[in-house]
$ cat entry06.cif   # mmCIF, C-alpha atoms and all ligand atoms; chains and numbers go by the auth columns
data_query
loop_
_atom_site.group_PDB
_atom_site.id
_atom_site.type_symbol
_atom_site.label_atom_id
_atom_site.label_comp_id
_atom_site.label_asym_id
_atom_site.label_seq_id
_atom_site.Cartn_x
_atom_site.Cartn_y
_atom_site.Cartn_z
_atom_site.B_iso_or_equiv
_atom_site.auth_seq_id
_atom_site.auth_asym_id
ATOM 1 C CA MET A 1 187.943 176.945 -209.955 0.00 162 A
ATOM 2 C CA SER A 2 190.109 174.716 -207.762 0.00 163 A
ATOM 3 C CA THR A 3 193.183 173.054 -209.253 0.00 164 A
ATOM 4 C CA ASP A 4 191.252 169.787 -209.237 0.00 165 A
ATOM 5 C CA GLU A 5 188.828 171.229 -211.763 0.00 166 A
ATOM 6 C CA GLN A 6 191.480 172.359 -214.252 0.00 167 A
ATOM 7 C CA PRO A 7 191.255 170.455 -217.514 0.00 168 A
ATOM 8 C CA ARG A 8 194.174 168.033 -217.447 0.00 169 A
ATOM 9 C CA ALA A 9 195.838 165.960 -220.073 0.00 170 A
ATOM 10 C CA GLY A 10 192.922 166.359 -222.447 0.00 171 A
ATOM 11 C CA VAL A 11 190.767 163.991 -220.433 0.00 172 A
ATOM 12 C CA ALA A 12 188.616 166.441 -218.455 0.00 173 A
ATOM 13 C CA ARG A 13 186.564 167.521 -221.457 0.00 174 A
ATOM 14 C CA SER A 14 186.208 164.096 -222.975 0.00 175 A
ATOM 15 C CA ALA A 15 182.828 162.403 -223.211 0.00 176 A
ATOM 16 C CA GLU A 16 184.633 159.051 -222.850 0.00 177 A
ATOM 17 C CA PRO A 17 187.345 159.713 -220.254 0.00 178 A
ATOM 18 C CA VAL A 18 188.036 156.074 -219.389 0.00 179 A
ATOM 19 C CA TRP A 19 188.384 155.069 -223.003 0.00 180 A
ATOM 20 C CA ASP A 20 190.573 158.095 -223.725 0.00 181 A
ATOM 21 C CA ALA A 21 192.869 157.241 -220.841 0.00 182 A
ATOM 22 C CA ILE A 22 193.177 153.614 -221.931 0.00 183 A
ATOM 23 C CA ARG A 23 193.843 154.601 -225.519 0.00 184 A
ATOM 24 C CA ARG A 24 196.181 157.535 -225.012 0.00 185 A
ATOM 25 C CA ARG A 25 198.293 156.751 -221.965 0.00 186 A
ATOM 26 C CA ARG A 26 201.911 156.132 -222.904 0.00 187 A
ATOM 27 C CA ALA A 27 204.961 155.249 -220.879 0.00 188 A
ATOM 28 C CA ILE A 28 206.639 158.449 -219.629 0.00 189 A
ATOM 29 C CA ARG A 29 210.328 158.160 -218.706 0.00 190 A
ATOM 30 C CA ARG A 30 211.479 161.808 -218.592 0.00 191 A
ATOM 31 C CA PHE A 31 210.139 163.826 -215.685 0.00 192 A
ATOM 32 C CA ALA A 32 210.089 167.473 -214.599 0.00 193 A
ATOM 33 C CA ASP A 33 212.228 168.246 -211.559 0.00 194 A
ATOM 34 C CA ARG A 34 209.385 168.981 -209.138 0.00 195 A
ATOM 35 C CA PRO A 35 207.730 166.941 -206.403 0.00 196 A
ATOM 36 C CA LEU A 36 204.276 165.446 -206.720 0.00 197 A
ATOM 37 C CA GLU A 37 201.513 167.376 -205.028 0.00 198 A
ATOM 38 C CA PRO A 38 200.619 165.356 -201.906 0.00 199 A
ATOM 39 C CA ARG A 39 196.976 164.973 -202.995 0.00 200 A
ATOM 40 C CA HIS A 40 198.142 163.560 -206.338 0.00 201 A
ATOM 41 C CA LEU A 41 200.362 161.022 -204.606 0.00 202 A
ATOM 42 C CA GLU A 42 197.512 160.092 -202.297 0.00 203 A
ATOM 43 C CA ARG A 43 195.106 159.626 -205.235 0.00 204 A
ATOM 44 C CA ILE A 44 197.601 157.360 -207.001 0.00 205 A
ATOM 45 C CA LEU A 45 198.035 155.196 -203.895 0.00 206 A
ATOM 46 C CA ASP A 46 194.291 155.111 -203.339 0.00 207 A
ATOM 47 C CA ALA A 47 193.777 153.935 -206.918 0.00 208 A
ATOM 48 C CA GLY A 48 196.102 151.010 -206.177 0.00 209 A
ATOM 49 C CA ARG A 49 194.274 150.234 -202.948 0.00 210 A
ATOM 50 C CA ARG A 50 190.931 150.125 -204.747 0.00 211 A
ATOM 51 C CA ALA A 51 191.924 147.537 -207.348 0.00 212 A
ATOM 52 C CA ASN A 52 190.052 144.266 -207.382 0.00 213 A
ATOM 53 C CA SER A 53 191.897 141.034 -206.669 0.00 214 A
ATOM 54 C CA SER A 54 191.347 137.305 -206.610 0.00 215 A
ATOM 55 C CA LYS A 55 189.268 136.398 -203.534 0.00 216 A
ATOM 56 C CA ASN A 56 189.752 140.034 -202.503 0.00 217 A
ATOM 57 C CA ARG A 57 193.162 139.061 -201.098 0.00 218 A
ATOM 58 C CA GLN A 58 194.631 142.500 -201.905 0.00 219 A
ATOM 59 C CA PRO A 59 198.098 140.966 -202.009 0.00 220 A
ATOM 60 C CA TRP A 60 199.992 144.256 -202.270 0.00 221 A
ATOM 61 C CA GLU A 61 201.806 146.766 -200.146 0.00 222 A
ATOM 62 C CA PHE A 62 203.383 149.918 -201.501 0.00 223 A
ATOM 63 C CA VAL A 63 206.739 151.420 -200.524 0.00 224 A
ATOM 64 C CA VAL A 64 206.723 155.099 -201.480 0.00 225 A
ATOM 65 C CA CYS A 65 210.159 156.532 -202.234 0.00 226 A
ATOM 66 C CA LEU A 66 210.574 160.284 -202.634 0.00 227 A
ATOM 67 C CA GLU A 67 214.168 160.987 -201.601 0.00 228 A
ATOM 68 C CA ARG A 68 216.345 161.847 -204.603 0.00 229 A
ATOM 69 C CA GLY A 69 219.264 159.762 -203.329 0.00 230 A
ATOM 70 C CA HIS A 70 217.029 156.751 -202.722 0.00 231 A
ATOM 71 C CA LEU A 71 215.476 157.059 -206.188 0.00 232 A
ATOM 72 C CA GLY A 72 218.988 157.169 -207.666 0.00 233 A
ATOM 73 C CA GLU A 73 219.798 153.888 -205.939 0.00 234 A
ATOM 74 C CA LEU A 74 216.528 152.293 -207.089 0.00 235 A
ATOM 75 C CA ALA A 75 217.525 153.145 -210.671 0.00 236 A
ATOM 76 C CA ARG A 76 220.120 150.347 -210.338 0.00 237 A
ATOM 77 C CA LEU A 77 217.469 147.650 -209.821 0.00 238 A
ATOM 78 C CA GLY A 78 217.429 146.649 -213.470 0.00 239 A
ATOM 79 C CA PRO A 79 218.839 147.447 -216.904 0.00 240 A
ATOM 80 C CA TRP A 80 215.760 149.510 -217.755 0.00 241 A
ATOM 81 C CA ALA A 81 215.142 151.082 -214.354 0.00 242 A
ATOM 82 C CA GLY A 82 217.153 154.259 -215.030 0.00 243 A
ATOM 83 C CA HIS A 83 214.019 156.423 -215.224 0.00 244 A
ATOM 84 C CA LEU A 84 213.589 156.071 -211.442 0.00 245 A
ATOM 85 C CA ALA A 85 216.556 158.418 -210.934 0.00 246 A
ATOM 86 C CA GLY A 86 214.567 161.331 -212.394 0.00 247 A
ATOM 87 C CA ALA A 87 211.110 160.413 -211.095 0.00 248 A
ATOM 88 C CA ALA A 88 209.329 162.462 -208.456 0.00 249 A
ATOM 89 C CA ALA A 89 208.174 159.258 -206.771 0.00 250 A
ATOM 90 C CA GLY A 90 208.973 155.594 -207.026 0.00 251 A
ATOM 91 C CA ILE A 91 206.343 153.232 -205.720 0.00 252 A
ATOM 92 C CA ALA A 92 207.600 149.724 -205.095 0.00 253 A
ATOM 93 C CA LEU A 93 204.889 147.074 -205.435 0.00 254 A
ATOM 94 C CA VAL A 94 205.552 144.456 -202.770 0.00 255 A
ATOM 95 C CA THR A 95 203.676 141.145 -202.551 0.00 256 A
ATOM 96 C CA PRO A 96 203.980 137.921 -200.601 0.00 257 A
ATOM 97 C CA ASP A 97 206.699 135.927 -202.402 0.00 258 A
ATOM 98 C CA PRO A 98 204.875 134.437 -205.436 0.00 259 A
ATOM 99 C CA ARG A 99 207.523 131.674 -205.736 0.00 260 A
ATOM 100 C CA GLN A 100 206.588 130.116 -202.409 0.00 261 A
ATOM 101 C CA PRO A 101 204.960 126.666 -202.769 0.00 262 A
ATOM 102 C CA GLY A 102 201.217 127.010 -203.174 0.00 263 A
ATOM 103 C CA ALA A 103 201.370 130.726 -203.929 0.00 264 A
ATOM 104 C CA PRO A 104 198.513 131.587 -206.309 0.00 265 A
ATOM 105 C CA LEU A 105 199.422 132.693 -209.838 0.00 266 A
ATOM 106 C CA SER A 106 196.745 135.339 -209.464 0.00 267 A
ATOM 107 C CA VAL A 107 199.097 137.552 -207.425 0.00 268 A
ATOM 108 C CA MET A 108 200.763 139.016 -210.504 0.00 269 A
ATOM 109 C CA PHE A 109 197.388 139.502 -212.213 0.00 270 A
ATOM 110 C CA ASP A 110 196.149 141.333 -209.127 0.00 271 A
ATOM 111 C CA LEU A 111 199.281 143.453 -209.013 0.00 272 A
ATOM 112 C CA GLY A 112 198.892 144.359 -212.679 0.00 273 A
ATOM 113 C CA GLN A 113 195.397 145.589 -211.987 0.00 274 A
ATOM 114 C CA ALA A 114 196.584 147.722 -209.071 0.00 275 A
ATOM 115 C CA ALA A 115 199.446 149.122 -211.155 0.00 276 A
ATOM 116 C CA ALA A 116 197.185 149.891 -214.120 0.00 277 A
ATOM 117 C CA GLY A 117 194.721 151.706 -211.841 0.00 278 A
ATOM 118 C CA MET A 118 197.525 153.773 -210.322 0.00 279 A
ATOM 119 C CA MET A 119 198.970 154.728 -213.694 0.00 280 A
ATOM 120 C CA LEU A 120 195.563 155.592 -215.191 0.00 281 A
ATOM 121 C CA ALA A 121 194.614 157.704 -212.155 0.00 282 A
ATOM 122 C CA ALA A 122 197.995 159.439 -212.463 0.00 283 A
ATOM 123 C CA TRP A 123 197.426 160.193 -216.142 0.00 284 A
ATOM 124 C CA GLU A 124 194.153 161.928 -215.362 0.00 285 A
ATOM 125 C CA LEU A 125 196.054 164.202 -212.938 0.00 286 A
ATOM 126 C CA GLY A 126 198.716 165.074 -215.496 0.00 287 A
ATOM 127 C CA VAL A 127 201.234 162.707 -213.911 0.00 288 A
ATOM 128 C CA GLY A 128 203.280 160.436 -216.153 0.00 289 A
ATOM 129 C CA SER A 129 204.386 156.946 -215.172 0.00 290 A
ATOM 130 C CA VAL A 130 206.211 153.822 -216.256 0.00 291 A
ATOM 131 C CA PRO A 131 207.119 150.542 -214.561 0.00 292 A
ATOM 132 C CA ALA A 132 210.654 149.372 -213.863 0.00 293 A
ATOM 133 C CA THR A 133 211.132 145.609 -213.774 0.00 294 A
ATOM 134 C CA VAL A 134 213.342 144.515 -210.885 0.00 295 A
ATOM 135 C CA TYR A 135 216.228 142.233 -211.850 0.00 296 A
ATOM 136 C CA GLU A 136 218.457 142.816 -208.798 0.00 297 A
ATOM 137 C CA HIS A 137 216.291 141.268 -206.109 0.00 298 A
ATOM 138 C CA ASP A 138 218.914 141.228 -203.351 0.00 299 A
ATOM 139 C CA LEU A 139 219.571 144.911 -203.936 0.00 300 A
ATOM 140 C CA ALA A 140 215.821 145.630 -203.915 0.00 301 A
ATOM 141 C CA ARG A 141 215.473 143.929 -200.537 0.00 302 A
ATOM 142 C CA ARG A 142 218.448 145.871 -199.147 0.00 303 A
ATOM 143 C CA LEU A 143 217.199 149.227 -200.425 0.00 304 A
ATOM 144 C CA LEU A 144 213.540 148.738 -199.499 0.00 305 A
ATOM 145 C CA GLU A 145 213.966 146.512 -196.412 0.00 306 A
ATOM 146 C CA TYR A 146 210.940 144.277 -196.999 0.00 307 A
ATOM 147 C CA PRO A 147 211.050 140.901 -195.224 0.00 308 A
ATOM 148 C CA GLU A 148 212.225 137.536 -196.611 0.00 309 A
ATOM 149 C CA THR A 149 208.592 136.441 -196.997 0.00 310 A
ATOM 150 C CA HIS A 150 207.980 139.202 -199.533 0.00 311 A
ATOM 151 C CA HIS A 151 208.973 140.043 -203.092 0.00 312 A
ATOM 152 C CA CYS A 152 209.190 143.099 -205.319 0.00 313 A
ATOM 153 C CA GLU A 153 208.959 142.531 -209.056 0.00 314 A
ATOM 154 C CA PHE A 154 208.102 146.073 -210.143 0.00 315 A
ATOM 155 C CA VAL A 155 208.707 149.646 -209.062 0.00 316 A
ATOM 156 C CA LEU A 156 206.606 152.346 -210.721 0.00 317 A
ATOM 157 C CA SER A 157 208.056 155.772 -211.578 0.00 318 A
ATOM 158 C CA PHE A 158 205.706 158.740 -211.305 0.00 319 A
ATOM 159 C CA GLY A 159 206.248 162.426 -212.081 0.00 320 A
ATOM 160 C CA TYR A 160 205.011 165.381 -214.066 0.00 321 A
ATOM 161 C CA PRO A 161 206.400 164.828 -217.553 0.00 322 A
ATOM 162 C CA ALA A 162 209.396 166.872 -218.711 0.00 323 A
ATOM 163 C CA ASP A 163 207.363 167.507 -221.842 0.00 324 A
ATOM 164 C CA PRO A 164 203.642 167.797 -220.886 0.00 325 A
ATOM 165 C CA GLY A 165 202.748 167.120 -224.520 0.00 326 A
ATOM 166 C CA ASP A 166 203.885 163.506 -223.996 0.00 327 A
ATOM 167 C CA LEU A 167 200.715 162.866 -221.971 0.00 328 A
ATOM 168 C CA ILE A 168 198.371 163.756 -224.793 0.00 329 A
ATOM 169 C CA GLU A 169 200.268 162.472 -227.792 0.00 330 A
ATOM 170 C CA PRO A 170 197.842 160.711 -230.133 0.00 331 A
ATOM 171 C CA PRO A 171 198.307 156.933 -230.167 0.00 332 A
ATOM 172 C CA ARG A 172 201.329 156.006 -232.295 0.00 333 A
ATOM 173 C CA PRO A 173 200.368 154.298 -235.558 0.00 334 A
ATOM 174 C CA GLY A 174 201.569 150.723 -235.217 0.00 335 A
ATOM 175 C CA GLY A 175 202.129 151.155 -231.476 0.00 336 A
ATOM 176 C CA ARG A 176 199.869 148.220 -230.729 0.00 337 A
ATOM 177 C CA LYS A 177 199.111 145.055 -232.691 0.00 338 A
ATOM 178 C CA PRO A 178 195.805 145.144 -234.582 0.00 339 A
ATOM 179 C CA LEU A 179 192.925 143.082 -233.206 0.00 340 A
ATOM 180 C CA THR A 180 193.109 140.843 -236.275 0.00 341 A
ATOM 181 C CA GLU A 181 196.442 139.515 -234.936 0.00 342 A
ATOM 182 C CA LEU A 182 195.135 138.940 -231.413 0.00 343 A
ATOM 183 C CA VAL A 183 191.591 137.687 -231.634 0.00 344 A
ATOM 184 C CA HIS A 184 190.564 134.093 -232.349 0.00 345 A
ATOM 185 C CA HIS A 185 186.924 133.213 -232.899 0.00 346 A
ATOM 186 C CA GLU A 186 185.591 130.277 -230.843 0.00 347 A
ATOM 187 C CA ARG A 187 188.785 128.196 -231.376 0.00 348 A
ATOM 188 C CA TRP A 188 192.496 129.034 -231.507 0.00 349 A
ATOM 189 C CA GLY A 189 193.624 129.821 -235.044 0.00 350 A
ATOM 190 C CA ARG A 190 190.323 131.173 -236.378 0.00 351 A
ATOM 191 C CA ARG A 191 191.399 134.742 -236.990 0.00 352 A
ATOM 192 C CA GLY A 192 189.916 137.500 -239.066 0.00 353 A
ATOM 193 C CA ASN A 193 186.282 138.494 -239.121 0.00 354 A
ATOM 194 C CA PRO A 194 183.808 136.537 -237.002 0.00 355 A
ATOM 195 C CA PRO A 195 181.889 133.882 -238.939 0.00 356 A
ATOM 196 C CA PRO A 196 178.564 135.250 -240.365 0.00 357 A
HETATM 197 C C1 LIG B . 205.153 144.470 -216.809 0.00 401 A
HETATM 198 C C2 LIG B . 205.863 145.661 -217.421 0.00 401 A
HETATM 199 C C3 LIG B . 207.211 145.857 -217.171 0.00 401 A
HETATM 200 C C4 LIG B . 207.864 146.959 -217.730 0.00 401 A
HETATM 201 N N1 LIG B . 209.181 147.177 -217.421 0.00 401 A
HETATM 202 C C5 LIG B . 209.786 148.293 -217.877 0.00 401 A
HETATM 203 C C6 LIG B . 211.130 148.595 -217.508 0.00 401 A
HETATM 204 O O1 LIG B . 211.798 147.858 -216.786 0.00 401 A
HETATM 205 N N2 LIG B . 211.659 149.742 -217.968 0.00 401 A
HETATM 206 C C7 LIG B . 210.971 150.605 -218.792 0.00 401 A
HETATM 207 O O2 LIG B . 211.529 151.635 -219.151 0.00 401 A
HETATM 208 N N3 LIG B . 209.706 150.328 -219.181 0.00 401 A
HETATM 209 C C8 LIG B . 209.100 149.205 -218.742 0.00 401 A
HETATM 210 N N4 LIG B . 207.802 148.939 -219.094 0.00 401 A
HETATM 211 C C9 LIG B . 207.090 149.853 -220.003 0.00 401 A
HETATM 212 C C10 LIG B . 206.931 149.245 -221.405 0.00 401 A
HETATM 213 O O3 LIG B . 208.185 149.204 -222.038 0.00 401 A
HETATM 214 C C11 LIG B . 205.919 150.084 -222.174 0.00 401 A
HETATM 215 O O4 LIG B . 204.668 149.975 -221.532 0.00 401 A
HETATM 216 C C12 LIG B . 205.765 149.589 -223.614 0.00 401 A
HETATM 217 O O5 LIG B . 206.992 149.747 -224.301 0.00 401 A
HETATM 218 C C13 LIG B . 204.669 150.357 -224.358 0.00 401 A
HETATM 219 O O6 LIG B . 204.989 151.718 -224.336 0.00 401 A
HETATM 220 P P1 LIG B . 203.896 152.809 -224.704 0.00 401 A
HETATM 221 O O7 LIG B . 202.756 152.582 -223.785 0.00 401 A
HETATM 222 O O8 LIG B . 204.580 154.125 -224.485 0.00 401 A
HETATM 223 O O9 LIG B . 203.484 152.581 -226.116 0.00 401 A
HETATM 224 C C14 LIG B . 207.151 147.856 -218.571 0.00 401 A
HETATM 225 C C15 LIG B . 205.781 147.637 -218.786 0.00 401 A
HETATM 226 C C16 LIG B . 205.149 146.578 -218.212 0.00 401 A
HETATM 227 C C17 LIG B . 203.651 146.410 -218.458 0.00 401 A
#
$ encode --input "entry06.cif" --output "structure tokens" --more "lines below"
Ligand SMILES: Cc1cc2nc3c(=O)[nH]c(=O)nc-3n(C[C@H](O)[C@H](O)[C@H](O)COP(=O)(O)O)c2cc1C
Amino acid sequence: MSTDEQPRAGVARSAEPVWDAIRRRRAIRRFADRPLEPRHLERILDAGRRANSSKNRQPWEFVVCLERGHLGELARLGPWAGHLAGAAAGIALVTPDPRQPGAPLSVMFDLGQAAAGMMLAAWELGVGSVPATVYEHDLARRLLEYPETHHCEFVLSFGYPADPGDLIEPPRPGGRKPLTELVHHERWGRRGNPPP
């Protein structure tokens, strides 16, 4: 059996692998001190590439950061970016600057889809992940050297989790709002069960 066929993260034997991944994936912020296997990194990037986007614009480019020193610097990009220091890979999601006049709002939707695909594909491979929101934009441009026309709002941390059990923890009770708080029927404000 090749390594690819090893059951991973509880998903390989599931009859509903997509649903399991959606339901069980959690943010992982503590990583083992080992590099990503190249084929895992490639799969993650390919998952981002394959995302759908408004008018198929594919408004993303990815800066892959693997050097420990560079990751340590990226950890200063925001107050909650510290996990990048211990990640095996940081992938900066770079788009055309969405604040330019006429820039479509869809860019961030598109980017979210690419990021979600990357993080779900990672989970299936036993790789944990979490975004870091960039607050220090000048620093991000200096560290990543993307041009003035472009913008980086998020960098994703990836790595094998320090505790592999974190990948297959059952969903936390109360970890997400119940549907009854989120769903309105036909008109805003009509919550609860659908009308008979
Ligand atoms: C757009 C976005 C930005 C986020 N930014 C950060 C961040 O800067 N630092 C961080 O540690 N987690 C960040 N997260 C992760 C969230 O905190 C996490 O998904 C949320 O708390 C739910 O965690 P859970 O999936 O483990 O239940 C971000 C998530 C999203 C979707």
$ atom_distance --input "entry06.cif" --atom1 "atom CA of Ala248 of chain A" --atom2 "atom CA of Leu232 of chain A"
7.4 Å
$ resolve_selection --input "entry06.cif" --expression "the PyMOL selection byres (((not hetatm)) within 8 of (chain A and resi 401))" --output "VMD selection string"
chain A and resid 186 to 190 239 to 244 273 291 to 295 315 332 to 333 336 to 337
$ write_last_selection --input "entry06.cif" --atoms "C-alpha atoms" --output "CSV table (one decimal), in the frame of the given file"
chain,number,residue,atom,x,y,z
A,186,ARG,CA,198.3,156.8,-222.0
A,187,ARG,CA,201.9,156.1,-222.9
A,188,ALA,CA,205.0,155.2,-220.9
A,189,ILE,CA,206.6,158.4,-219.6
A,190,ARG,CA,210.3,158.2,-218.7
A,239,GLY,CA,217.4,146.6,-213.5
A,240,PRO,CA,218.8,147.4,-216.9
A,241,TRP,CA,215.8,149.5,-217.8
A,242,ALA,CA,215.1,151.1,-214.4
A,243,GLY,CA,217.2,154.3,-215.0
A,244,HIS,CA,214.0,156.4,-215.2
A,273,GLY,CA,198.9,144.4,-212.7
A,291,VAL,CA,206.2,153.8,-216.3
A,292,PRO,CA,207.1,150.5,-214.6
A,293,ALA,CA,210.7,149.4,-213.9
A,294,THR,CA,211.1,145.6,-213.8
A,295,VAL,CA,213.3,144.5,-210.9
A,315,PHE,CA,208.1,146.1,-210.1
A,332,PRO,CA,198.3,156.9,-230.2
A,333,ARG,CA,201.3,156.0,-232.3
A,336,GLY,CA,202.1,151.2,-231.5
A,337,ARG,CA,199.9,148.2,-230.7
$ resolve_selection --input "entry06.cif" --expression "the PyMOL selection byres (((chain A and resi 197) around 8) and not hetatm)" --output "mmCIF file with C-alpha atoms, in the frame of the given file"
data_model
loop_
_atom_site.group_PDB
_atom_site.id
_atom_site.type_symbol
_atom_site.label_atom_id
_atom_site.label_comp_id
_atom_site.auth_asym_id
_atom_site.auth_seq_id
_atom_site.Cartn_x
_atom_site.Cartn_y
_atom_site.Cartn_z
ATOM 1 C CA ARG A 195 209.385 168.981 -209.138
ATOM 2 C CA PRO A 196 207.730 166.941 -206.403
ATOM 3 C CA GLU A 198 201.513 167.376 -205.028
ATOM 4 C CA PRO A 199 200.619 165.356 -201.906
ATOM 5 C CA HIS A 201 198.142 163.560 -206.338
ATOM 6 C CA LEU A 202 200.362 161.022 -204.606
ATOM 7 C CA ALA A 249 209.329 162.462 -208.456
ATOM 8 C CA ALA A 250 208.174 159.258 -206.771
ATOM 9 C CA GLY A 320 206.248 162.426 -212.081
ATOM 10 C CA TYR A 321 205.011 165.381 -214.066
#
$ resolve_selection --input "entry06.cif" --expression "the PyMOL selection byres (((chain A and resi 223) around 7) and not hetatm)" --output "list in words"
Trp221, Glu222, Val224, Val225, Ile252, Ala253, Leu254 and Val255 of chain A
$ atom_distance --input "entry06.cif" --atom1 "atom CA of Glu347 of chain A" --atom2 "atom CA of Val268 of chain A"
28.0 Å
$ closest_residue --input "entry06.cif" --among "A:Val179, A:Ala282, A:Leu266, A:Ala246" --to "Leu227 of chain A" --atoms "all atoms listed in the file"
A:Ala246
$ axis_aligned_box --input "entry06.cif" --around "segment 322-336 of chain A" --padding-each-side "3 Å" --output "lines of an AutoDock Vina configuration file"
center_x = 203.6
center_y = 159.3
center_z = -226.6
size_x = 17.6
size_y = 23.1
size_z = 24.0
$ closest_residue --input "entry06.cif" --among "A:Leu340, A:Leu245, A:Ile183, A:Leu281" --to "Leu206 of chain A" --atoms "only C-alpha atoms"
A:Leu281
$ closest_atom_pairs --input "entry06.cif" --of "segment 172-213 of chain A" --to "segment 323-327 of chain A" --cutoff "6 Å" --atoms "only C-alpha atoms" --output "Markdown table"
| residue | atom | partner | partner_atom | distance |
| --- | --- | --- | --- | --- |
| A:Arg191 | CA | A:Ala323 | CA | 5.5 |
| A:Phe192 | CA | A:Ala323 | CA | 4.4 |
| A:Ala193 | CA | A:Ala323 | CA | 4.2 |
$ residues_around --input "entry06.cif" --residues "Ala283 of chain A" --least-positions-apart "2" --cutoff "9 Å" --atoms "all atoms listed in the file" --output "ChimeraX atom specification"
/A:201-202,204-205,208,278-281,285-290,319-320
$ closest_residue --input "entry06.cif" --among "A:Arg184, A:Lys338, A:His345, A:Arg211" --to "Gln274 of chain A" --atoms "all atoms listed in the file"
A:Arg211
$ atom_distance --input "entry06.cif" --atom1 "atom CA of Thr256 of chain A" --atom2 "atom CA of Trp284 of chain A"
24.2 Å
